[in-house]
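Everything below concerns the one structure shown next.
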Amino acid sequence: MLRVAVVGGGPSGSCAAEVLAKAGIQTWLFERKLDNAKPCGGAIPLCMVEEFDLPESIIDRKVRNMKMISPSNREVDIHLGNQDEYIGMCRREVMDGFLRDRAASLGTTLINGLVQSIDTGKNRQGPYTLKYADYSAGGPTGDICTLEVDLIIGADGANSRVAKAMDAGDYNMAIAFQERIRLPKEEMSYYEDLAEMYVGTDVSPDFYGWVFPKYDHVAVGTGTMQKNQALIKGLQKGVRARASDRLLDGEVIKVEAHPIPEHPRPRRVVGRMALVGDAAGYVTKSSGEGIYFAAKSGRMCAEQVVAASANGSTIPTEKDLKVYIKKWDRQYGATYKVLEILQNIFYRNDAAREAFVEMCDDKDVQRLTFDSYLYKRVVMMNPWQQIKLTLLTLGSVLRGHALAPQGYRPVPSAVKTDEQMAAWRAQQLSDGDALAGPGSNPAAAAVVSANGRPAAGTPTAANDQNVREPALASKP
Ligand SMILES: Cc1cc2nc3c(=O)[nH]c(=O)nc-3n(C[C@H](O)[C@H](O)[C@H](O)COP(=O)(O)OP(=O)(O)OC[C@H]3O[C@@H](n4cnc5c(N)ncnc54)[C@H](O)[C@@H]3O)c2cc1C
C-alpha cells in the first residue's frame with residue numbers, strides 16, 4: 001500500500017493531500033505552524049472559488065473595482081459590471097486553515113511538525129525517511145520523530161527542504177514586502193470593494209505596488225527581482241508615499257516579507273519526489289500570482305499519483321510522476337511566457353508603464369485581461385480586436401515618453417476635500433514639529449525623480465506622518 005508524505009500545509013500541499021486521501025491513499029500532511037499567516041496579498045481568481053469549492057466565509061472581500069495608477073498618477077478605473085464576477089480577497093491564515101482541515105476530514109493524517117531532514121535512500125529512489133520535530137504536545141522545540149514513506153510531494157514553499165533533498169536546483173527569487181495597515185472608517189470604506197495597483201520606478205523597477213482590501217485593514221506592498229533586493233524597503237516607502245493621502249491616519253499592524261520564485265526549478269521530479277506550488281516555482285511574472293497555481297499544481301500532481309498507482313496499490317516510478325510536469329507545462333507554459341513578455345515590455349521604464357496604464361483604459365483590453373485572470377482561459381481575439389490592440393500598443397508606447405513624469409507625487413485623497421487635507425496637514429505640522437527633525441521623513445527620501453533629484457511634489461513631513469508605526473509592528 002502506497003505511503004505518501006506531503007510536506008507543507010499551504011494551498012499546494014492541502015490540495016494534493018485532499019486528492020490522495022479521497023482516493024484512499026495513506027497520506028501524511030506536515031505543517032510546521034498551524035496558524036501560519038503566509039505573507040501574501042491574498043487575491044484569488046473567481047474560478048478558484050468554484051473549482052476548489054471554497055465557501056463564502058473564506059472570502060473577506062469581493063473586489064469589483066480596480067484602479068491602475070501610472071507614474072504620473074493617471075488613474076484608470078476598471079469595473080467588473082457583472083455582479084457575479086469578482087476577485088476574492090482572503091486572509092491566508094483563514095484559507096490555509098480551511099483547506100488543511102478539509103484534507104484532514106477526508107482522511108489525511110495532519111502532523112503539526114517541522115520536517116528537518118530527509119534520507120532519500122539509494123540514488124534518491126526511496127523509501128524516504130523524514131526526520132521531523134512534532135509540536136503536537138505543545139513544547140517549543142517539539143519531539144523528534146521519524147516516518148518512512150514511498151513518495152514525497154514537496155509543497156513547502158520558496159525555501160523548500162524537499163527541493164534541497166532531491167537536488168532540484170536553484171531558482172532566482174524576487175522579494176515581496178507588505179504592511180498591513182488599519183485605516184479609519186471613512187478611508188477604509190473607500191477600499192470596500194476596490195484594489196489599487198501603482199506602477200513607477202518609485203514603487204518598483206520591475207513589478208507593481210498594491211493596496212488590497214482585507215477583512216478590517218488594507219495590505220500595502222511591493223515586490224522586486226532578486227537583483228534589486230536591497231531597494232525593497234525604499235520601494236515600500238515609495239508606495240506608502242504615493243498612497244499617503246489615502247492611507248490617512250493608518251496604523252501599521254503587521255510588517256512581513258517573503259521570497260517569490262521567478263521561474264520553475266531545473267528539476268521538479270527526482271526519484272519519487274515531486275515539487276508543487278512555490279517549491280516548484282509556479283508564480284507568474286507581471287502579476288505575481290501563485291495561490292491558484294499552487295492549489296492547481298498540488299491537485300494535478302496528486303491526481304497523477306492516484307492514476308499511476310492505481311489508487312495506491314503500486315508505487316509510481318519517476319517516469320510516471322514526470323507525466324504531471326508534462327501536463328502542467330502543456331496547460332500553463334504559454335500563460336507564464338506571455339506574462340513574462342508583458343513584464344519585459346511594460347515594466348521596463350516609466351514611459352512604458354504610462355503606456356501600460358493608458359492601454360488599460362480600453363474596454364477590450366480590460367475584458368481580455370479579466371477573462372484570462374478570473375477564468376484562467378486563453379481568450380481568442382477577433383481580427384478587429386487584434387488590429388485595434390496592436391495600434392493601441394504602438395500609440396501608447398510612443399505617447400508614453402511624453403507622459404512619463406520627472407518625479408512622483410501622492411495621489412489625491414479619495415474621501416477628503418483639498419481644504420480638509422490642508423487643515424489636516426496644518427494640524428499635523430503644529431502637533432508634530434518636535435518629532436519631525438531632519439531626516440525623519442523616509443517617505444520623502446524614497447520619492448525621488450528618476451535622475452535621483454528630489455521630485456516635484458515630494459511629500460511633506462506631514463505626509464510621512466499619515467501612517468503611524470506602532471510598537472507592535474513585527475519586523476520580517
Ligand atoms: C507579499 C506577497 C504577496 C503575494 N500576493 C499574492 C496574491 O495576492 N495572490 C496570489 O495568487 N499570490 C500571491 N503571492 C504568492 C503566493 O503567496 C504563493 O504563490 C502561494 O502561497 C504558494 O503556495 P504554496 O502552498 O506553494 O506555498 P506556501 O503558501 O508558501 O506554503 C508552504 C507551507 O509549508 C510550510 N512549511 C515550509 N517548510 C516546512 C517544513 N520543513 N516542514 C513543515 N512545514 C513546512 C509553511 O509553514 C507553509 O505553510 C504573494 C506572495 C508574497 C510573498
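By order of appearance in the C-alpha cells: chains A, B, ..., then residues from 1 within every chain, and ligands from 1 in the order shown.
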
Original post:
So which residues touch A:Pro316 within 9 Å, counting only C-alpha atoms, skipping near sequence neighbours fewer than 4 positions away, as a list in words?
Top reply: Leu2, Leu151, Arg272, Val305, Val306, Ala308, Ser309, Gly312, Asp320 and Leu321 of chain A

Residues of the last selection are to be written out with N, CA and C atoms, as a PDB file, in the first residue's frame.
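The result, written out as selection_26.pdb:
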ATOM      1  N   LEU A   2       0.657   2.121  -0.943  1.00  0.00           N
ATOM      2  CA  LEU A   2       1.477   3.340  -1.091  1.00  0.00           C
ATOM      3  C   LEU A   2       1.361   4.263   0.122  1.00  0.00           C
ATOM      4  N   LEU A 151       6.790   7.923  -1.197  1.00  0.00           N
ATOM      5  CA  LEU A 151       6.717   9.038  -2.150  1.00  0.00           C
ATOM      6  C   LEU A 151       6.545  10.352  -1.369  1.00  0.00           C
ATOM      7  N   ARG A 272      11.103   9.478  -6.551  1.00  0.00           N
ATOM      8  CA  ARG A 272       9.653   9.528  -6.257  1.00  0.00           C
ATOM      9  C   ARG A 272       9.338  10.756  -5.402  1.00  0.00           C
ATOM     10  N   VAL A 305      -0.447  10.838  -9.201  1.00  0.00           N
ATOM     11  CA  VAL A 305      -0.039   9.774  -8.267  1.00  0.00           C
ATOM     12  C   VAL A 305      -1.162   8.746  -8.136  1.00  0.00           C
ATOM     13  N   VAL A 306      -2.386   9.218  -8.008  1.00  0.00           N
ATOM     14  CA  VAL A 306      -3.532   8.302  -7.855  1.00  0.00           C
ATOM     15  C   VAL A 306      -3.647   7.417  -9.099  1.00  0.00           C
ATOM     16  N   ALA A 308      -1.335   6.736 -11.491  1.00  0.00           N
ATOM     17  CA  ALA A 308      -0.184   5.858 -11.756  1.00  0.00           C
ATOM     18  C   ALA A 308      -0.057   4.743 -10.720  1.00  0.00           C
ATOM     19  N   SER A 309      -0.628   4.941  -9.540  1.00  0.00           N
ATOM     20  CA  SER A 309      -0.501   3.913  -8.501  1.00  0.00           C
ATOM     21  C   SER A 309      -1.753   3.046  -8.409  1.00  0.00           C
ATOM     22  N   GLY A 312      -3.201   3.735  -5.156  1.00  0.00           N
ATOM     23  CA  GLY A 312      -2.304   3.397  -4.044  1.00  0.00           C
ATOM     24  C   GLY A 312      -1.906   1.941  -3.959  1.00  0.00           C
ATOM     25  N   ASP A 320       6.499   7.957 -14.271  1.00  0.00           N
ATOM     26  CA  ASP A 320       5.066   8.201 -14.022  1.00  0.00           C
ATOM     27  C   ASP A 320       4.848   9.620 -13.503  1.00  0.00           C
ATOM     28  N   LEU A 321       5.691  10.009 -12.531  1.00  0.00           N
ATOM     29  CA  LEU A 321       5.491  11.333 -11.909  1.00  0.00           C
ATOM     30  C   LEU A 321       5.765  12.465 -12.896  1.00  0.00           C
TER      31      LEU A 321
END

Subject >> Long-range neighbours of A:Met273 as a PyMOL selection string, 9 Å cut-off, only C-alpha atoms, 6 positions minimum in chain >> reply: chain A and resi 124-126+151-154+162-163+166+318+321

Original post:
Do you know which residues are at most 9 Å from A:Phe293 counting only C-alpha atoms, after dropping those on the same chain fewer than 3 positions away, and could you put them as a PyMOL selection string?
Top reply: chain A and resi 12+276-278+282-284+289-290+296-298

Output C-alpha atoms of each residue in that selection to a file, as an mmCIF file, in the first residue's frame.
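File produced: selection-v1.cif:
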data_model
loop_
_atom_site.group_PDB
_atom_site.id
_atom_site.type_symbol
_atom_site.label_atom_id
_atom_site.label_comp_id
_atom_site.auth_asym_id
_atom_site.auth_seq_id
_atom_site.Cartn_x
_atom_site.Cartn_y
_atom_site.Cartn_z
ATOM 1 C CA SER A 12 -0.480 23.367 -2.789
ATOM 2 C CA VAL A 276 4.390 21.678 -6.433
ATOM 3 C CA GLY A 277 3.409 25.343 -5.859
ATOM 4 C CA ASP A 278 6.127 27.809 -4.856
ATOM 5 C CA TYR A 282 4.906 28.384 -10.241
ATOM 6 C CA VAL A 283 4.345 32.109 -9.622
ATOM 7 C CA THR A 284 3.547 34.163 -12.724
ATOM 8 C CA GLU A 289 0.002 35.306 -8.810
ATOM 9 C CA GLY A 290 0.709 31.973 -7.134
ATOM 10 C CA LYS A 296 -3.896 23.502 -9.062
ATOM 11 C CA SER A 297 -0.401 22.005 -9.248
ATOM 12 C CA GLY A 298 -0.934 20.184 -5.927
#

**OP:** Can you pull out every residue within 8 Å of A:Leu235, counting only C-alpha atoms, but drop anything in the same chain fewer than 2 positions away, and send it as a list in words?
**Re:**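 Once the adjacent positions are removed, what remains is Asp202, Val203, Ser204, Thr222, Leu231, Ile232, Lys233, Lys237, Gly238, Val239 and Ala446 of chain A.
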
Original post:
Using only C-alpha atoms, which residues sit within 9 Å of A:Trp328 once same-chain residues fewer than 4 positions away are excluded, as an MDAnalysis selection string?
Top reply: chainID A and resid 297 300:301 323:324 332:333

Would you save the residues of that selection, restricted to N, CA and C atoms, as a PDB file, in the first residue's frame?
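Generated file (again-v6.pdb):
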ATOM      1  N   SER A 297      -1.525  22.932  -9.030  1.00  0.00           N
ATOM      2  CA  SER A 297      -0.401  22.005  -9.248  1.00  0.00           C
ATOM      3  C   SER A 297      -0.415  20.892  -8.203  1.00  0.00           C
ATOM      4  N   MET A 300      -3.057  18.539  -9.490  1.00  0.00           N
ATOM      5  CA  MET A 300      -2.647  17.793 -10.697  1.00  0.00           C
ATOM      6  C   MET A 300      -1.606  16.729 -10.371  1.00  0.00           C
ATOM      7  N   CYS A 301      -0.669  17.082  -9.497  1.00  0.00           N
ATOM      8  CA  CYS A 301       0.382  16.127  -9.135  1.00  0.00           C
ATOM      9  C   CYS A 301      -0.242  14.922  -8.412  1.00  0.00           C
ATOM     10  N   VAL A 323       4.913  12.688 -15.804  1.00  0.00           N
ATOM     11  CA  VAL A 323       3.735  12.978 -16.640  1.00  0.00           C
ATOM     12  C   VAL A 323       3.034  14.239 -16.114  1.00  0.00           C
ATOM     13  N   TYR A 324       3.045  14.407 -14.780  1.00  0.00           N
ATOM     14  CA  TYR A 324       2.428  15.618 -14.192  1.00  0.00           C
ATOM     15  C   TYR A 324       3.118  16.882 -14.715  1.00  0.00           C
ATOM     16  N   TYR A 332      -0.055  25.318 -18.895  1.00  0.00           N
ATOM     17  CA  TYR A 332       0.218  26.685 -18.407  1.00  0.00           C
ATOM     18  C   TYR A 332       1.485  27.345 -18.962  1.00  0.00           C
ATOM     19  N   GLY A 333       2.271  26.585 -19.733  1.00  0.00           N
ATOM     20  CA  GLY A 333       3.536  27.122 -20.253  1.00  0.00           C
ATOM     21  C   GLY A 333       3.338  28.449 -20.976  1.00  0.00           C
TER      22      GLY A 333
END

Subject >> Within 7 Å of stretch 57-72 of chain A using only C-alpha atoms, minus same-chain residues under 4 positions, as a ChimeraX atom specification >> reply: /A:76-80,86-90,94-95,193-200,214-215,350,353-354,357,404-405,408

Original post:
stretch 245-437 of chain A: which residues are strand (DSSP E or B) by DSSP, as number ranges by chain?
Top reply: A: 250-261, 269-270, 273-275

For the selection just defined, write its residues with N, CA and C atoms to a file, as a compact mmCIF listing (two decimals), in the first residue's frame.
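Final file, out-v9.txt:
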# COMPACT_ATOMS: atom_id res chain seq x y z
N GLY A 250 -3.48 55.94 9.12
CA GLY A 250 -3.41 54.47 9.15
C GLY A 250 -2.46 54.01 10.25
N GLU A 251 -2.69 52.78 10.69
CA GLU A 251 -1.84 52.21 11.74
C GLU A 251 -1.29 50.88 11.25
N VAL A 252 0.04 50.79 11.19
CA VAL A 252 0.64 49.53 10.71
C VAL A 252 0.45 48.46 11.79
N ILE A 253 -0.22 47.37 11.43
CA ILE A 253 -0.44 46.32 12.43
C ILE A 253 0.45 45.11 12.18
N LYS A 254 1.05 45.04 11.00
CA LYS A 254 1.94 43.91 10.73
C LYS A 254 2.87 44.25 9.57
N VAL A 255 4.12 43.82 9.68
CA VAL A 255 5.09 44.01 8.59
C VAL A 255 5.60 42.63 8.20
N GLU A 256 5.60 42.32 6.91
CA GLU A 256 6.01 40.97 6.52
C GLU A 256 6.75 41.00 5.18
N ALA A 257 7.63 40.03 4.97
CA ALA A 257 8.35 39.93 3.70
C ALA A 257 8.59 38.46 3.41
N HIS A 258 8.67 38.13 2.12
CA HIS A 258 8.86 36.72 1.75
C HIS A 258 9.39 36.63 0.33
N PRO A 259 10.21 35.61 0.03
CA PRO A 259 10.65 35.46 -1.36
C PRO A 259 9.55 34.92 -2.27
N ILE A 260 9.65 35.23 -3.54
CA ILE A 260 8.72 34.71 -4.56
C ILE A 260 9.57 34.13 -5.69
N PRO A 261 9.33 32.87 -6.06
CA PRO A 261 10.14 32.30 -7.15
C PRO A 261 9.88 33.01 -8.48
N VAL A 269 10.88 16.84 -10.59
CA VAL A 269 10.65 15.46 -10.15
C VAL A 269 11.99 14.75 -10.14
N VAL A 270 12.33 14.15 -9.01
CA VAL A 270 13.55 13.33 -8.93
C VAL A 270 13.17 12.09 -8.11
N MET A 273 10.03 11.84 -5.74
CA MET A 273 9.78 13.13 -5.06
C MET A 273 9.38 14.16 -6.12
N ALA A 274 8.27 14.85 -5.86
CA ALA A 274 7.79 15.84 -6.84
C ALA A 274 7.52 17.16 -6.12
N LEU A 275 7.81 18.25 -6.79
CA LEU A 275 7.56 19.59 -6.21
C LEU A 275 6.30 20.20 -6.81

Subject >> From A:Gly407, A:Pro55, A:Gly221, A:Pro412, residue lying nearest ligand 1 [only C-alpha atoms and all ligand atoms] >> reply: A:Gly221

Subject >> At most 6 Å from ligand 1 (only C-alpha atoms and all ligand atoms): residue list as a ChimeraX atom specification >> reply: /A:7-13,30-33,36,38-44,113-116,155-157,160-161,176-178,257-260,277-279,283,288-292,294

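From atom CA of A:Leu99 back to atom CA of A:Gly209, the distance works out to 28.3 Å.
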
Original post:
With only C-alpha atoms as the basis for distance, which of A:Arg74, A:Arg246, A:Lys131, A:Arg3 is at the shortest distance from A:Val149?
Top reply: A:Arg3

Subject >> Interatomic distance, atom CA of A:Gly223 to atom CA of A:Arg409 (Å, one decimal) >> reply: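 Between atom CA of A:Gly223 and atom CA of A:Arg409 the gap is 20.0 Å.
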
**OP:** Using only C-alpha atoms, find the one residue out of A:Asp167, A:Asp96, A:Glu18, A:Glu50 that sits nearest to A:Thr108.
**Re:**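 Answer, going by the shortest atom-to-atom distance: A:Glu18.
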
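Between atom CA of A:His263 and atom CA of A:Val365 there is a distance of 26.0 Å.
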
**OP:** Using only C-alpha atoms, determine which residues lie at most 10 Å from A:Lys416, disregarding the query and same-chain residues fewer than 4 positions distant; provide the list as a list in words.
**Re:**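 Final neighbour list, sorted by chain and number: Glu186, Glu187, Asp245, Arg246, Leu248, Pro412, Gln420, Met421, Ala422 and Trp424 of chain A.
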
Written file, previous selection with N, CA and C atoms, as a PDB file, in the first residue's frame:
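See selection34.pdb below for the written result:
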ATOM      1  N   GLU A 186     -13.725  55.974   7.365  1.00  0.00           N
ATOM      2  CA  GLU A 186     -14.001  56.650   6.099  1.00  0.00           C
ATOM      3  C   GLU A 186     -13.026  56.203   5.006  1.00  0.00           C
ATOM      4  N   GLU A 187     -11.728  56.163   5.355  1.00  0.00           N
ATOM      5  CA  GLU A 187     -10.714  55.751   4.381  1.00  0.00           C
ATOM      6  C   GLU A 187     -10.915  54.279   4.010  1.00  0.00           C
ATOM      7  N   ASP A 245      -2.084  60.022   0.997  1.00  0.00           N
ATOM      8  CA  ASP A 245      -3.315  60.757   1.322  1.00  0.00           C
ATOM      9  C   ASP A 245      -4.532  59.830   1.390  1.00  0.00           C
ATOM     10  N   ARG A 246      -4.365  58.587   0.925  1.00  0.00           N
ATOM     11  CA  ARG A 246      -5.479  57.622   1.022  1.00  0.00           C
ATOM     12  C   ARG A 246      -5.320  56.704   2.235  1.00  0.00           C
ATOM     13  N   LEU A 248      -4.534  57.870   5.191  1.00  0.00           N
ATOM     14  CA  LEU A 248      -4.510  58.868   6.266  1.00  0.00           C
ATOM     15  C   LEU A 248      -4.806  58.251   7.625  1.00  0.00           C
ATOM     16  N   PRO A 412      -4.269  62.183  -4.956  1.00  0.00           N
ATOM     17  CA  PRO A 412      -5.119  62.935  -4.013  1.00  0.00           C
ATOM     18  C   PRO A 412      -5.973  62.009  -3.156  1.00  0.00           C
ATOM     19  N   GLN A 420      -9.980  70.121   3.487  1.00  0.00           N
ATOM     20  CA  GLN A 420      -9.841  69.223   4.654  1.00  0.00           C
ATOM     21  C   GLN A 420      -8.416  68.709   4.766  1.00  0.00           C
ATOM     22  N   MET A 421      -7.821  68.404   3.611  1.00  0.00           N
ATOM     23  CA  MET A 421      -6.436  67.898   3.635  1.00  0.00           C
ATOM     24  C   MET A 421      -5.480  68.982   4.115  1.00  0.00           C
ATOM     25  N   ALA A 422      -5.699  70.211   3.634  1.00  0.00           N
ATOM     26  CA  ALA A 422      -4.818  71.317   4.041  1.00  0.00           C
ATOM     27  C   ALA A 422      -4.917  71.528   5.549  1.00  0.00           C
ATOM     28  N   TRP A 424      -5.807  69.316   7.732  1.00  0.00           N
ATOM     29  CA  TRP A 424      -5.215  68.139   8.393  1.00  0.00           C
ATOM     30  C   TRP A 424      -3.683  68.282   8.464  1.00  0.00           C
TER      31      TRP A 424
END

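Among the candidates A:Asp119, A:Glu419, A:Glu262, A:Asp35, the one nearest to A:Tyr171 when counting only C-alpha atoms is A:Glu262.
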